[in-house]
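Pasted below: target.txt, compact mmCIF, C-alpha atoms and all ligand atoms.
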# COMPACT_ATOMS: atom_id res chain seq x y z
CA MET M 1 84.39 95.11 119.87
CA GLN M 2 83.75 91.40 120.11
CA ASP M 3 84.05 88.74 122.77
CA ASN M 4 87.47 87.33 123.63
CA GLN M 5 89.45 89.98 121.82
CA VAL M 6 93.02 90.76 122.83
CA VAL M 7 93.58 94.50 123.27
CA GLY M 8 96.94 96.25 123.68
CA ILE M 9 96.72 99.06 126.21
CA GLY M 10 98.99 102.10 125.91
CA SER M 11 100.16 104.54 128.55
CA GLY M 12 99.62 108.14 129.59
CA SER M 13 96.69 110.14 130.89
CA THR M 14 94.39 109.89 127.85
CA ILE M 15 94.44 106.10 127.82
CA GLU M 16 92.81 106.12 131.26
CA TYR M 17 89.54 107.24 129.59
CA ALA M 18 89.77 104.36 127.12
CA ILE M 19 90.37 101.83 129.89
CA ARG M 20 87.30 103.11 131.78
CA ARG M 21 85.17 102.92 128.64
CA LEU M 22 86.46 99.43 127.85
CA ASN M 23 85.52 98.33 131.34
CA GLU M 24 82.00 99.78 130.92
CA ARG M 25 81.51 97.89 127.67
CA VAL M 26 82.85 94.65 129.08
CA ILE M 27 80.36 94.88 131.95
CA ASN M 28 77.36 96.16 129.95
CA GLU M 29 77.81 93.80 127.00
CA ASN M 30 79.00 90.86 129.07
CA LEU M 31 82.23 90.51 127.09
CA LYS M 32 85.55 88.97 127.91
CA THR M 33 88.48 91.18 126.95
CA ILE M 34 92.12 90.27 127.37
CA CYS M 35 94.31 93.32 127.92
CA ILE M 36 98.06 93.56 127.33
CA PRO M 37 99.53 96.52 129.24
CA SER M 38 102.44 98.46 127.74
CA SER M 39 103.80 99.89 130.99
CA TYR M 40 103.65 99.54 134.72
CA GLN M 41 101.20 102.45 134.75
CA ALA M 42 98.86 100.63 132.34
CA LEU M 43 99.17 97.44 134.38
CA ARG M 44 98.20 99.23 137.61
CA SER M 45 95.32 100.96 135.93
CA LEU M 46 93.99 97.69 134.50
CA GLN M 47 94.34 96.02 137.90
CA SER M 48 91.84 98.47 139.33
CA PHE M 49 89.11 97.08 137.03
CA GLU M 50 88.23 93.54 138.01
CA SER M 51 86.26 92.86 134.83
CA LEU M 52 89.26 93.38 132.58
CA GLN M 53 91.54 90.38 132.17
CA ILE M 54 95.25 91.06 132.06
CA SER M 55 97.72 89.06 130.02
CA THR M 56 101.22 89.27 128.55
CA LEU M 57 102.73 88.89 125.09
CA ASP M 58 104.15 85.55 126.26
CA ARG M 59 100.59 84.26 126.53
CA ASN M 60 98.98 86.35 123.80
CA PRO M 61 101.59 87.39 121.24
CA GLU M 62 98.96 88.83 118.89
CA ALA M 63 96.40 91.51 119.65
CA TYR M 64 93.33 92.41 117.62
CA VAL M 65 93.81 96.09 118.37
CA ALA M 66 96.14 98.36 120.33
CA ILE M 67 94.79 101.60 121.77
CA ASP M 68 97.27 104.28 122.81
CA GLY M 69 97.80 108.00 123.23
CA ALA M 70 100.36 110.20 121.45
CA ASP M 71 102.26 113.41 122.02
CA GLU M 72 101.82 114.63 118.44
CA VAL M 73 100.33 113.26 115.20
CA ASP M 74 101.63 114.78 111.95
CA GLY M 75 99.92 115.11 108.56
CA ASP M 76 101.21 111.66 107.50
CA MET M 77 99.83 110.06 110.69
CA ASN M 78 103.33 109.62 112.09
CA LEU M 79 103.41 109.86 115.86
CA ILE M 80 105.71 111.19 118.52
CA LYS M 81 105.32 109.07 121.64
CA GLY M 82 107.20 108.63 124.87
CA GLY M 83 106.32 111.79 126.76
CA GLY M 84 105.51 109.40 129.60
CA GLY M 85 108.68 107.38 129.02
CA CYS M 86 106.95 104.13 128.00
CA LEU M 87 107.76 104.18 124.30
CA THR M 88 109.62 100.88 124.01
CA GLN M 89 106.93 98.64 125.44
CA GLU M 90 104.30 100.70 123.62
CA LYS M 91 106.06 100.12 120.30
CA ILE M 92 106.35 96.40 121.03
CA VAL M 93 102.66 96.06 121.92
CA ILE M 94 101.61 98.12 118.89
CA SER M 95 103.79 95.94 116.65
CA CYS M 96 101.80 92.91 117.80
CA ALA M 97 98.39 94.42 116.98
CA LYS M 98 96.45 94.09 113.73
CA LYS M 99 94.88 97.52 114.20
CA VAL M 100 96.31 100.56 115.95
CA VAL M 101 93.97 103.23 117.27
CA ILE M 102 95.32 106.45 118.75
CA ILE M 103 93.36 108.83 120.96
CA ALA M 104 94.56 112.35 121.62
CA ASP M 105 93.32 115.83 122.28
CA TYR M 106 92.96 118.27 119.38
CA ARG M 107 96.15 120.21 120.24
CA LYS M 108 98.22 117.18 119.17
CA ASP M 109 96.77 117.20 115.65
CA VAL M 110 99.50 118.96 113.62
CA GLN M 111 100.67 119.14 110.04
CA LYS M 112 104.36 119.10 110.98
CA PHE M 113 106.04 117.87 114.17
CA GLY M 114 107.07 120.60 116.57
CA GLN M 115 103.89 122.66 116.71
CA SER M 116 102.81 121.56 120.19
CA PHE M 117 105.55 119.13 121.23
CA ASN M 118 109.17 119.80 120.36
CA PHE M 119 111.23 116.76 121.27
CA ILE M 120 111.62 113.08 120.42
CA PRO M 121 111.96 110.77 123.44
CA ILE M 122 114.58 108.06 122.92
CA GLU M 123 115.21 105.14 125.28
CA VAL M 124 118.89 104.41 125.80
CA ILE M 125 121.02 101.88 127.67
CA PRO M 126 122.50 103.80 130.64
CA MET M 127 126.20 103.17 129.83
CA ALA M 128 125.69 104.57 126.32
CA GLN M 129 123.94 107.81 127.26
CA ARG M 130 126.92 110.18 126.85
CA PRO M 131 128.12 108.93 123.43
CA VAL M 132 124.53 108.72 122.21
CA LEU M 133 123.88 112.33 123.26
CA GLU M 134 126.94 113.43 121.31
CA LYS M 135 126.10 111.36 118.24
CA ILE M 136 122.54 112.67 118.03
CA SER M 137 123.69 116.23 118.26
CA LYS M 138 126.40 115.71 115.57
CA MET M 139 124.09 113.82 113.22
CA PHE M 140 120.89 115.83 113.48
CA GLY M 141 121.54 119.13 115.29
CA GLY M 142 119.08 120.36 117.90
CA LYS M 143 119.65 119.64 121.58
CA PRO M 144 119.48 116.15 123.10
CA VAL M 145 119.19 116.11 126.90
CA LEU M 146 119.05 113.32 129.44
CA ARG M 147 115.62 113.31 131.10
CA GLU M 148 115.84 113.94 134.83
CA ALA M 149 113.55 112.17 137.29
CA LYS M 150 111.07 114.15 139.35
CA GLN M 151 111.37 113.74 143.12
CA LYS M 152 114.39 111.44 142.76
CA ALA M 153 117.93 112.61 142.27
CA GLY M 154 119.40 111.68 138.89
CA PRO M 155 118.04 110.50 135.56
CA LEU M 156 114.61 109.04 135.02
CA VAL M 157 114.73 105.23 134.89
CA THR M 158 112.26 103.52 132.56
CA ASP M 159 110.21 100.37 133.25
CA ASN M 160 113.03 98.55 131.45
CA GLY M 161 115.80 99.97 133.64
CA ASN M 162 117.07 102.36 130.96
CA PHE M 163 117.37 106.14 130.57
CA ILE M 164 115.49 108.52 128.28
CA ILE M 165 117.13 111.11 126.06
CA ASP M 166 114.78 113.89 124.96
CA TRP M 167 116.04 115.19 121.66
CA PHE M 168 114.83 118.78 121.12
CA PHE M 169 115.00 118.79 117.36
CA ASP M 170 115.56 121.84 115.18
CA LYS M 171 112.04 123.01 114.37
CA ASP M 172 113.21 124.96 111.32
CA LYS M 173 114.63 121.87 109.62
CA ASP M 174 112.61 119.64 107.31
CA TYR M 175 113.42 116.19 108.65
CA ASP M 176 112.60 112.98 106.84
CA TRP M 177 111.27 111.30 109.98
CA ASN M 178 111.43 107.81 108.56
CA GLU M 179 115.14 108.24 107.79
CA VAL M 180 115.80 109.88 111.14
CA ASN M 181 114.09 106.98 112.87
CA ILE M 182 116.16 104.40 110.99
CA SER M 183 119.44 106.27 111.61
CA LEU M 184 118.68 106.71 115.31
CA SER M 185 117.76 103.04 115.67
CA LEU M 186 121.15 102.06 114.25
CA ILE M 187 123.12 103.92 116.94
CA PRO M 188 124.45 101.34 119.41
CA GLY M 189 122.87 101.91 122.80
CA ILE M 190 119.56 103.24 121.52
CA VAL M 191 116.86 100.78 122.49
CA GLU M 192 113.92 102.47 120.78
CA THR M 193 112.80 105.86 119.52
CA GLY M 194 109.58 107.73 120.16
CA LEU M 195 109.05 108.08 116.40
CA PHE M 196 106.18 105.81 115.38
CA ILE M 197 106.26 105.95 111.59
CA GLN M 198 103.09 104.95 109.78
CA THR M 199 101.93 102.71 112.58
CA ALA M 200 98.50 104.21 113.33
CA HIS M 201 95.48 103.08 111.35
CA LYS M 202 93.06 105.49 112.94
CA VAL M 203 93.46 108.56 115.15
CA PHE M 204 90.63 110.15 117.14
CA PHE M 205 91.01 113.73 118.35
CA GLY M 206 88.86 115.06 121.16
CA ALA M 207 87.93 118.73 120.77
CA ALA M 208 87.52 121.19 123.62
CA ASP M 209 83.72 121.21 123.10
CA GLY M 210 83.48 117.42 123.42
CA ASN M 211 83.25 116.70 119.69
CA VAL M 212 85.49 114.07 118.15
CA THR M 213 87.22 114.19 114.77
CA SER M 214 89.23 111.42 113.22
CA ARG M 215 91.81 110.65 110.58
CA GLY M 216 92.70 107.37 108.94
CA ASN M 217 90.90 104.25 107.89
CA ASP M 218 87.12 104.76 108.07
CA LYS M 219 86.45 101.04 108.26
CA LEU M 220 87.93 100.82 111.74
O1 LIG D 1 103.62 107.84 124.68
C1 LIG D 1 103.12 107.98 125.76
C2 LIG D 1 103.78 107.53 127.00
O2 LIG D 1 105.03 106.98 126.75
C3 LIG D 1 101.79 108.62 125.88
O3 LIG D 1 100.88 107.93 125.10
C4 LIG D 1 101.88 110.04 125.41
O4 LIG D 1 102.91 110.67 126.14
C5 LIG D 1 100.56 110.78 125.59
O5 LIG D 1 100.29 110.92 126.95
P1 LIG D 1 99.03 111.71 127.48
O6 LIG D 1 97.83 110.95 127.07
O7 LIG D 1 99.23 111.76 128.98
O8 LIG D 1 99.07 113.09 126.87
Is it possible to express this structure as structure tokens?
Ligand SMILES: O=C(CO)[C@H](O)[C@H](O)COP(=O)(O)O
Amino acid sequence: MQDNQVVGIGSGSTIEYAIRRLNERVINENLKTICIPSSYQALRSLQSFESLQISTLDRNPEAYVAIDGADEVDGDMNLIKGGGGCLTQEKIVISCAKKVVIIADYRKDVQKFGQSFNFIPIEVIPMAQRPVLEKISKMFGGKPVLREAKQKAGPLVTDNGNFIIDWFFDKDKDYDWNEVNISLSLIPGIVETGLFIQTAHKVFFGAADGNVTSRGNDKL
């Protein structure tokens, strides 16, 4: 890491470790780092570290690197994201970064989607939720369900004021995830999907014994 770099910050529980480590390096190495949060959770977390500067894509539309978590990483380094419901802003921030680094625990390292996580989160405009649910089920099978909020009656509302459909895909089918992603994205009312196709450059997996393995570009 170098001085004055712009860093996209993902969401979830794993990213909290990266934010803490970033803060340590900024203090110890006397660096200035400009962080772009990808959710309200990331923003609040960053706000608790005074040494980390916070910015927006309006001010800094390009990031040197984006660091994020994932729900699953398949053999082609495709990702499922959105378990925490922040997929749209995460995809936007990642799309603005030159390098994308994913950190996850070893259970998310799979050959084929569906081994540890069995649904694709999809952000949808509220008025479209019913027709979108029906279209997904007709087009791809499986079971799409509207995600319910916890400790609030009704559906979960995202940081963007939308709903999330969790599509429990058919684990026995061999999906072409790139095609599925394109077809889903073309359904009116779908804002973004939790399929991140070929977006990660490097993925680090933390093992239970504290060791770290990685996949992807060794130069990163
Ligand atoms: O995509 C995400 C949130 O939308 C998270 O990165 C993903 O759900 C992983 O979260 P965690 O680190 O808590 O397992």
- Task: Give me, please, the distance in Å between CA of Pro126 in chain M and CA of Glu148 in chain M, quoted to one decimal.
- Result: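 Computing the Euclidean distance for CA of Pro126 in chain M and CA of Glu148 in chain M yields 12.8 Å.
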- Protein and nucleic residues near ligand LIG 1 (chain D), 7 Å, all atoms listed in the file, as a PyMOL selection string: chain M and resi 10-15+68-71+81-87+104
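Using all atoms listed in the file, the shortest contact distance between Ile92 in chain M and any of M:Asp170, M:Asp109, M:Glu16, M:Glu192 is found at M:Glu192.
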- Query: Near Gln111 in chain M, counting only C-alpha atoms, which residues have an atom at most 12 Å away, once you skip same-chain residues fewer than 6 positions from it, shown as a list in words?
  - Reply: Glu72, Val73, Asp74, Gly75, Asp76, Met77, Asn78 and Leu79 of chain M
Write the residues of the selection above to a file with C-alpha atoms, as a tab-separated table (two decimals), keeping the file's coordinate frame.
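Printed below is selection21.tsv as written:
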chain	number	residue	atom	x	y	z
M	72	GLU	CA	101.82	114.63	118.44
M	73	VAL	CA	100.33	113.26	115.20
M	74	ASP	CA	101.63	114.78	111.95
M	75	GLY	CA	99.92	115.11	108.56
M	76	ASP	CA	101.21	111.66	107.50
M	77	MET	CA	99.83	110.06	110.69
M	78	ASN	CA	103.33	109.62	112.09
M	79	LEU	CA	103.41	109.86	115.86
- Counting only C-alpha atoms, write as a list in words all protein and nucleic acid residues lying at most 9 Å from (102.6, 97.3, 122.5) in the file's frame.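 It turns out the residues near that spot are Gly8, Ile9, Gly10, Ile36, Pro37, Ser38, Ser39, Leu57, Ala63, Ala66, Ile67, Asp68, Leu87, Thr88, Gln89, Glu90, Lys91, Ile92, Val93, Ile94, Ser95, Cys96 and Ala97 of chain M.
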- The distance between CA of Asn181 in chain M and CA of Ala207 in chain M is 29.7 Å
As JSON: centre and edge lengths in Å, one decimal, of the axis-aligned box holding range 36-50 of chain M with 4 Å per side:
{"center_x": 96.0, "center_y": 98.0, "center_z": 133.3, "size_x": 23.6, "size_y": 16.9, "size_z": 20.0}
- Within 12 Å of file point (81.6, 95.5, 127.5), counting only C-alpha atoms, expressed as a PyMOL selection string: chain M and resi 1-5+19-34+51-52
- Task: Determine the nearest neighbour of Glu179 in chain M from the options M:Ala208, M:Ser116, M:Arg215, M:Met139, counting only C-alpha atoms.
- Result: M:Met139
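With distances taken over all atoms listed in the file, M:Val124 is the one residue among M:Val124, M:Gly216, M:His201, M:Ile164 lying closest to Ser185 in chain M.
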- Query: Between CA of Val212 in chain M and CA of Asp105 in chain M, what is the distance, to one decimal in Å?
  - Reply: 9.0 Å
- Message: Between M:Val65, M:Ile103, M:Leu146, M:Ile125, which residue has the minimum interatomic distance to Thr213 in chain M, considering all atoms listed in the file?
- Response: M:Ile103
- Would you mind telling me which residue in M:Cys35, M:Ser183, M:Ala18, M:Lys202 lies nearest to Ser55 in chain M when using only C-alpha atoms?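 Checking each of M:Cys35, M:Ser183, M:Ala18, M:Lys202 against Ser55 in chain M, counting only C-alpha atoms, the winner is M:Cys35.
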- Pick the closest to Asn178 in chain M from M:Phe196, M:Phe163, M:Tyr40, M:Phe119: which is it, counting only C-alpha atoms?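 Nearest candidate to Asn178 in chain M out of M:Phe196, M:Phe163, M:Tyr40, M:Phe119: M:Phe196.
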- Query: Which residues, written as a list in words, have at least one atom at most 9 Å from Phe140 in chain M, with all atoms listed in the file counted and residues fewer than 4 positions away on the same chain left out?
  - Reply: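 Once the adjacent positions are removed, what remains is Lys135, Ile136, Phe169, Asp170, Tyr175 and Val180 of chain M.
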- Identify, on the basis of all atoms listed in the file, every residue whose closest approach to Leu133 in chain M does not exceed 9 Å; exclude the query and any residue fewer than 6 positions from it along the same chain; express the result as a list in words.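 Everything that qualifies: Lys143, Pro144, Val145, Leu146, Ile165 and Trp167 of chain M.
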